[in-house]
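Chemist: Contents of coords-v4.csv (CSV, C-alpha atoms and all ligand atoms) are below:
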chain,number,residue,atom,x,y,z
A,1,MET,CA,121.1,106.8,95.1
A,2,ARG,CA,119.1,107.3,91.9
A,3,GLU,CA,118.2,110.6,90.2
A,4,VAL,CA,114.4,110.9,89.8
A,5,ARG,CA,112.6,113.7,88.0
A,6,LEU,CA,108.8,114.0,88.2
A,7,SER,CA,106.4,116.7,87.3
A,8,VAL,CA,104.5,117.5,90.5
A,9,ASN,CA,101.4,119.8,90.0
A,10,GLY,CA,103.1,121.0,86.8
A,11,ARG,CA,106.4,121.8,88.4
A,12,SER,CA,109.5,119.7,87.6
A,13,VAL,CA,111.0,118.2,90.7
A,14,ALA,CA,114.3,116.3,90.6
A,15,ALA,CA,116.2,114.7,93.5
A,16,ALA,CA,118.7,111.9,94.1
A,17,VAL,CA,116.8,109.4,96.3
A,18,GLU,CA,117.4,105.9,97.7
A,19,PRO,CA,115.8,103.3,95.3
A,20,ARG,CA,113.4,102.3,98.2
A,21,THR,CA,112.1,105.9,98.6
A,22,THR,CA,108.3,105.8,98.1
A,23,LEU,CA,106.4,108.2,96.0
A,24,ALA,CA,104.7,109.5,99.1
A,25,ASP,CA,108.0,110.4,100.7
A,26,PHE,CA,109.2,112.0,97.5
A,27,VAL,CA,106.1,114.2,97.3
A,28,ARG,CA,106.3,115.1,101.0
A,29,GLU,CA,110.1,115.5,101.5
A,30,ARG,CA,111.4,116.4,98.1
A,31,ALA,CA,108.5,118.3,96.5
A,32,LEU,CA,107.7,119.7,100.0
A,33,LEU,CA,104.0,119.1,99.6
A,34,THR,CA,102.7,117.7,102.9
A,35,GLY,CA,99.0,117.7,102.0
A,36,THR,CA,99.5,114.1,101.0
A,37,HIS,CA,99.2,112.2,104.3
A,38,LEU,CA,100.7,108.9,105.4
A,39,GLY,CA,98.6,106.6,107.6
A,40,CYS,CA,99.0,102.9,107.3
A,41,GLU,CA,101.9,103.0,104.8
A,42,HIS,CA,100.8,99.6,103.4
A,43,GLY,CA,98.0,100.4,101.0
A,44,VAL,CA,94.9,100.1,103.3
A,45,CYS,CA,93.8,103.5,104.4
A,46,GLY,CA,93.9,105.5,101.2
A,47,ALA,CA,95.3,108.7,102.9
A,48,CYS,CA,98.3,108.9,100.6
A,49,THR,CA,96.3,108.8,97.3
A,50,VAL,CA,97.6,111.0,94.5
A,51,LEU,CA,97.0,111.1,90.8
A,52,LEU,CA,99.7,109.5,88.7
A,53,ASP,CA,99.2,110.5,85.0
A,54,GLY,CA,95.5,111.0,86.0
A,55,VAL,CA,95.0,107.7,87.7
A,56,ALA,CA,94.5,107.5,91.5
A,57,VAL,CA,97.3,105.6,93.2
A,58,ARG,CA,98.4,104.9,96.7
A,59,SER,CA,101.7,106.7,96.9
A,60,CYS,CA,102.9,104.6,99.8
A,61,LEU,CA,102.9,101.5,97.6
A,62,LEU,CA,104.8,103.1,94.7
A,63,LEU,CA,108.5,103.8,94.6
A,64,ALA,CA,109.6,107.2,93.4
A,65,VAL,CA,111.8,105.5,90.7
A,66,GLN,CA,108.7,103.8,89.3
A,67,ALA,CA,107.1,107.2,88.8
A,68,GLU,CA,110.1,108.6,86.9
A,69,GLY,CA,108.9,111.0,84.1
A,70,SER,CA,105.3,110.9,85.2
A,71,GLU,CA,102.9,113.7,86.1
A,72,VAL,CA,101.9,113.6,89.7
A,73,THR,CA,98.9,115.6,91.0
A,74,THR,CA,98.4,116.2,94.7
A,75,VAL,CA,95.7,117.8,96.7
A,76,GLU,CA,97.5,121.1,96.7
A,77,ALA,CA,96.6,121.4,93.0
A,78,LEU,CA,92.8,121.2,93.5
A,79,ALA,CA,92.0,124.7,94.6
A,80,ALA,CA,92.6,127.3,91.9
A,81,GLY,CA,92.6,131.1,91.8
A,82,GLY,CA,91.8,131.2,95.5
A,83,GLU,CA,88.7,129.1,95.1
A,84,LEU,CA,88.1,125.7,96.5
A,85,HIS,CA,87.5,122.9,94.0
A,86,PRO,CA,83.8,121.9,94.0
A,87,LEU,CA,84.7,118.7,95.7
A,88,GLN,CA,86.5,120.6,98.5
A,89,ASP,CA,83.6,123.0,98.7
A,90,ALA,CA,81.0,120.2,99.0
A,91,LEU,CA,83.0,118.5,101.8
A,92,HIS,CA,83.2,121.8,103.6
A,93,ARG,CA,79.5,122.6,103.3
A,94,HIS,CA,78.3,119.1,104.3
A,95,HIS,CA,80.7,118.7,107.2
A,96,GLY,CA,82.5,115.8,105.4
A,97,LEU,CA,85.6,116.1,107.5
A,98,GLN,CA,86.7,116.5,111.1
A,99,CYS,CA,90.4,116.0,111.7
A,100,GLY,CA,91.0,116.0,107.9
A,101,PHE,CA,93.6,113.3,107.9
A,102,CYS,CA,91.7,111.1,105.4
A,103,THR,CA,90.5,114.1,103.3
A,104,ALA,CA,93.3,114.6,100.8
A,105,GLY,CA,93.2,111.0,99.8
A,106,ILE,CA,89.5,111.0,99.4
A,107,LEU,CA,89.6,114.1,97.3
A,108,MET,CA,92.3,112.7,95.0
A,109,SER,CA,90.3,109.5,94.4
A,110,LEU,CA,87.2,111.5,93.6
A,111,ALA,CA,89.3,113.8,91.4
A,112,GLU,CA,90.0,110.8,89.2
A,113,LEU,CA,86.3,110.4,88.7
A,114,TRP,CA,85.5,114.2,88.4
A,115,PRO,CA,86.1,114.5,84.7
A,116,ARG,CA,83.3,111.9,84.1
A,117,ARG,CA,80.8,113.6,86.4
A,118,GLY,CA,77.3,113.2,84.9
A,119,GLU,CA,78.2,109.7,83.7
A,120,VAL,CA,79.8,108.2,86.8
A,121,THR,CA,77.5,106.0,88.7
A,122,ARG,CA,76.7,106.0,92.4
A,123,GLU,CA,78.2,102.5,92.6
A,124,GLU,CA,81.5,103.7,91.2
A,125,ILE,CA,81.6,106.5,93.7
A,126,MET,CA,80.7,104.4,96.7
A,127,ASP,CA,83.3,101.8,95.5
A,128,CYS,CA,85.8,104.6,95.4
A,129,LEU,CA,84.9,105.8,98.9
A,130,GLY,CA,85.1,102.2,100.1
A,131,GLY,CA,88.9,102.4,99.7
A,132,HIS,CA,89.3,105.1,102.2
A,133,LEU,CA,89.3,104.8,106.0
A,134,CYS,CA,87.9,107.7,108.0
A,135,ARG,CA,87.9,107.4,111.8
A,136,CYS,CA,86.0,110.6,112.5
A,137,THR,CA,82.9,111.3,110.4
A,138,GLY,CA,80.9,108.0,110.1
A,139,TYR,CA,80.9,108.8,106.3
A,140,VAL,CA,77.5,110.4,106.3
A,141,GLY,CA,78.7,113.9,105.6
A,142,ILE,CA,81.2,112.6,103.0
A,143,VAL,CA,78.5,110.7,101.2
A,144,ARG,CA,76.2,113.8,101.2
A,145,ALA,CA,79.0,115.9,99.9
A,146,VAL,CA,79.8,113.5,97.1
A,147,GLU,CA,76.1,113.2,96.1
A,148,ASP,CA,75.9,117.0,96.0
A,149,ALA,CA,79.1,117.5,94.0
A,150,PHE,CA,78.4,114.8,91.5
A,151,GLY,CA,74.8,115.7,91.1
A,152,LEU,CA,73.5,112.4,92.5
A,153,GLY,CA,70.1,112.6,94.1
A,154,ALA,CA,69.5,110.5,97.2
A,155,ALA,CA,68.0,107.9,94.8
A,156,GLY,CA,71.1,107.9,92.7
A,157,ALA,CA,70.2,109.8,89.5
A,158,ALA,CA,73.2,108.6,87.6
A,159,GLY,CA,72.9,105.1,88.6
B,201,LIG,S1,99.3,105.4,103.8
B,201,LIG,FE1,99.0,104.6,101.8
B,201,LIG,S2,97.2,103.5,101.9
B,201,LIG,FE2,97.5,104.1,103.9
B,202,LIG,S1,88.1,113.3,109.1
B,202,LIG,FE1,89.4,112.3,110.5
B,202,LIG,S2,90.0,110.5,109.6
B,202,LIG,FE2,88.5,111.3,108.3
Once more with this new file: its structure as structure tokens, please.
Ligand code: FES
Ligand code: FES
Modeler:
Amino acid sequence: MREVRLSVNGRSVAAAVEPRTTLADFVRERALLTGTHLGCEHGVCGACTVLLDGVAVRSCLLLAVQAEGSEVTTVEALAAGGELHPLQDALHRHHGLQCGFCTAGILMSLAELWPRRGEVTREEIMDCLGGHLCRCTGYVGIVRAVEDAFGLGAAGAAG
């Protein structure tokens, strides 16, 4: 067992874990934050995406010991003060989710780009979405929501 201490959504979480414990399992089972979903568990679906020191990563592909001392941000941190994050609000308004299994991962990948809204290009955003599998929506509502939240017109105002 190895002692691992992370900051998860600003809260220090420490636990003794097996060296093979993934960051996804640490977040779900030790930090008790189950908004991060596990689908494929081998880096394909994107459902497990979290921010690691501000960078979107697939938490099924990282070991908790590799994240030692880092700041992890999960979907639970997006809404603040009882208000949905603008990305969450846009997905809600544009029917960008059905079962919601993929949604947390999509939100966290978009959250990496969010600080650069106004500069980020349509290509960057579509490339980001391309790393996420959604079996329900056909992506139309997701794309509309992202265009709205990032202020991209249908013609792609920012690129
Ligand atoms: S569960 Fe990690 S990418 Fe699918
Ligand atoms: S909303 Fe069901 S997988 Fe995306």
Chemist: Give me, as a PyMOL selection string, the set of residues whose atoms come within 7 Å of any atom of ligand LIG 201 (chain B), counting only C-alpha atoms and all ligand atoms.
Modeler: chain A and resi 37-49+58-61
Chemist: Okay, now the selection with C-alpha atoms, as a short mmCIF file (atom, residue, chain, number, x, y, z; two decimals), keeping the file's coordinate frame?
Modeler:
data_model
loop_
_atom_site.label_atom_id
_atom_site.label_comp_id
_atom_site.auth_asym_id
_atom_site.auth_seq_id
_atom_site.Cartn_x
_atom_site.Cartn_y
_atom_site.Cartn_z
CA HIS A 37 99.20 112.20 104.30
CA LEU A 38 100.70 108.90 105.40
CA GLY A 39 98.60 106.60 107.60
CA CYS A 40 99.00 102.90 107.30
CA GLU A 41 101.90 103.00 104.80
CA HIS A 42 100.80 99.60 103.40
CA GLY A 43 98.00 100.40 101.00
CA VAL A 44 94.90 100.10 103.30
CA CYS A 45 93.80 103.50 104.40
CA GLY A 46 93.90 105.50 101.20
CA ALA A 47 95.30 108.70 102.90
CA CYS A 48 98.30 108.90 100.60
CA THR A 49 96.30 108.80 97.30
CA ARG A 58 98.40 104.90 96.70
CA SER A 59 101.70 106.70 96.90
CA CYS A 60 102.90 104.60 99.80
CA LEU A 61 102.90 101.50 97.60
#
Chemist: Any idea what the distance is between CA of Ser12 in chain A and CA of Val27 in chain A?
Modeler: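 Separation of CA of Ser12 in chain A and CA of Val27 in chain A: 11.7 Å.
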Chemist: Report as a count of residues only which protein, DNA and RNA residues come within 7 Å of ligand LIG 202 (chain B), using all atoms listed in the file.
Modeler: 12
Chemist: Which one is closest to Val4 in chain A: A:Ala56, A:Val65, A:Arg20, A:Gly105? Count all atoms listed in the file.
Modeler: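 Looking only at the distances to Val4 in chain A, the closest residue turns out to be A:Val65.
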Chemist: Report the distance between CA of Ala14 in chain A and CA of Ala64 in chain A in Å, rounded to one decimal place.
Modeler: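 Straight-line distance from CA of Ala14 in chain A to CA of Ala64 in chain A works out to 10.6 Å.
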Chemist: Nearest to Leu152 in chain A: which of A:Gly118, A:Gly130, A:Gly54, A:Gly35 is it, counting all atoms listed in the file?
Modeler: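 Checking each candidate against Leu152 in chain A, we get A:Gly118 as the closest.
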Chemist: Ranking A:Gly96, A:Pro86, A:Pro115, A:Pro19 by minimum distance to Glu68 in chain A and counting only C-alpha atoms, which one comes first?
Modeler: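 So, comparing all the options, the nearest one is A:Pro19.
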Chemist: Determine, counting all atoms listed in the file, which protein, DNA and RNA residues have an atom within 12 Å of an atom of Arg30 in chain A; residues of the same chain fewer than 2 positions away are not included. Present the result as JSON, numbers by chain.
Modeler: {"A": [3, 4, 5, 6, 7, 8, 12, 13, 14, 15, 16, 17, 21, 22, 23, 24, 25, 26, 27, 28, 32, 33, 34, 64]}
Chemist: Could you extract range 75-102 of chain A of the given structure into a file holding C-alpha atoms, as a PDB file, in the first residue's frame?
Modeler:
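Printed below is out02.pdb as written:
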ATOM      1  CA  VAL A  75     -17.513  17.810 -12.085  1.00  0.00           C
ATOM      2  CA  GLU A  76     -18.797  18.359  -8.552  1.00  0.00           C
ATOM      3  CA  ALA A  77     -16.781  21.599  -8.417  1.00  0.00           C
ATOM      4  CA  LEU A  78     -18.395  23.226 -11.457  1.00  0.00           C
ATOM      5  CA  ALA A  79     -21.643  24.469  -9.957  1.00  0.00           C
ATOM      6  CA  ALA A  80     -21.142  27.182  -7.357  1.00  0.00           C
ATOM      7  CA  GLY A  81     -23.457  28.937  -4.950  1.00  0.00           C
ATOM      8  CA  GLY A  82     -26.412  26.847  -6.056  1.00  0.00           C
ATOM      9  CA  GLU A  83     -25.981  27.971  -9.674  1.00  0.00           C
ATOM     10  CA  LEU A  84     -25.061  25.712 -12.566  1.00  0.00           C
ATOM     11  CA  HIS A  85     -21.818  26.497 -14.367  1.00  0.00           C
ATOM     12  CA  PRO A  86     -22.588  28.163 -17.735  1.00  0.00           C
ATOM     13  CA  LEU A  87     -21.481  24.976 -19.508  1.00  0.00           C
ATOM     14  CA  GLN A  88     -23.906  22.902 -17.445  1.00  0.00           C
ATOM     15  CA  ASP A  89     -26.664  25.429 -17.990  1.00  0.00           C
ATOM     16  CA  ALA A  90     -26.109  25.396 -21.764  1.00  0.00           C
ATOM     17  CA  LEU A  91     -26.199  21.587 -21.925  1.00  0.00           C
ATOM     18  CA  HIS A  92     -29.422  21.649 -19.945  1.00  0.00           C
ATOM     19  CA  ARG A  93     -31.080  24.292 -22.133  1.00  0.00           C
ATOM     20  CA  HIS A  94     -30.054  22.672 -25.425  1.00  0.00           C
ATOM     21  CA  HIS A  95     -30.919  19.115 -24.380  1.00  0.00           C
ATOM     22  CA  GLY A  96     -27.281  18.118 -24.643  1.00  0.00           C
ATOM     23  CA  LEU A  97     -27.708  15.072 -22.456  1.00  0.00           C
ATOM     24  CA  GLN A  98     -30.035  12.156 -22.023  1.00  0.00           C
ATOM     25  CA  CYS A  99     -28.732   9.437 -19.686  1.00  0.00           C
ATOM     26  CA  GLY A 100     -25.893  11.768 -18.641  1.00  0.00           C
ATOM     27  CA  PHE A 101     -23.249   9.075 -18.435  1.00  0.00           C
ATOM     28  CA  CYS A 102     -20.881  10.916 -20.760  1.00  0.00           C
TER      29      CYS A 102
END
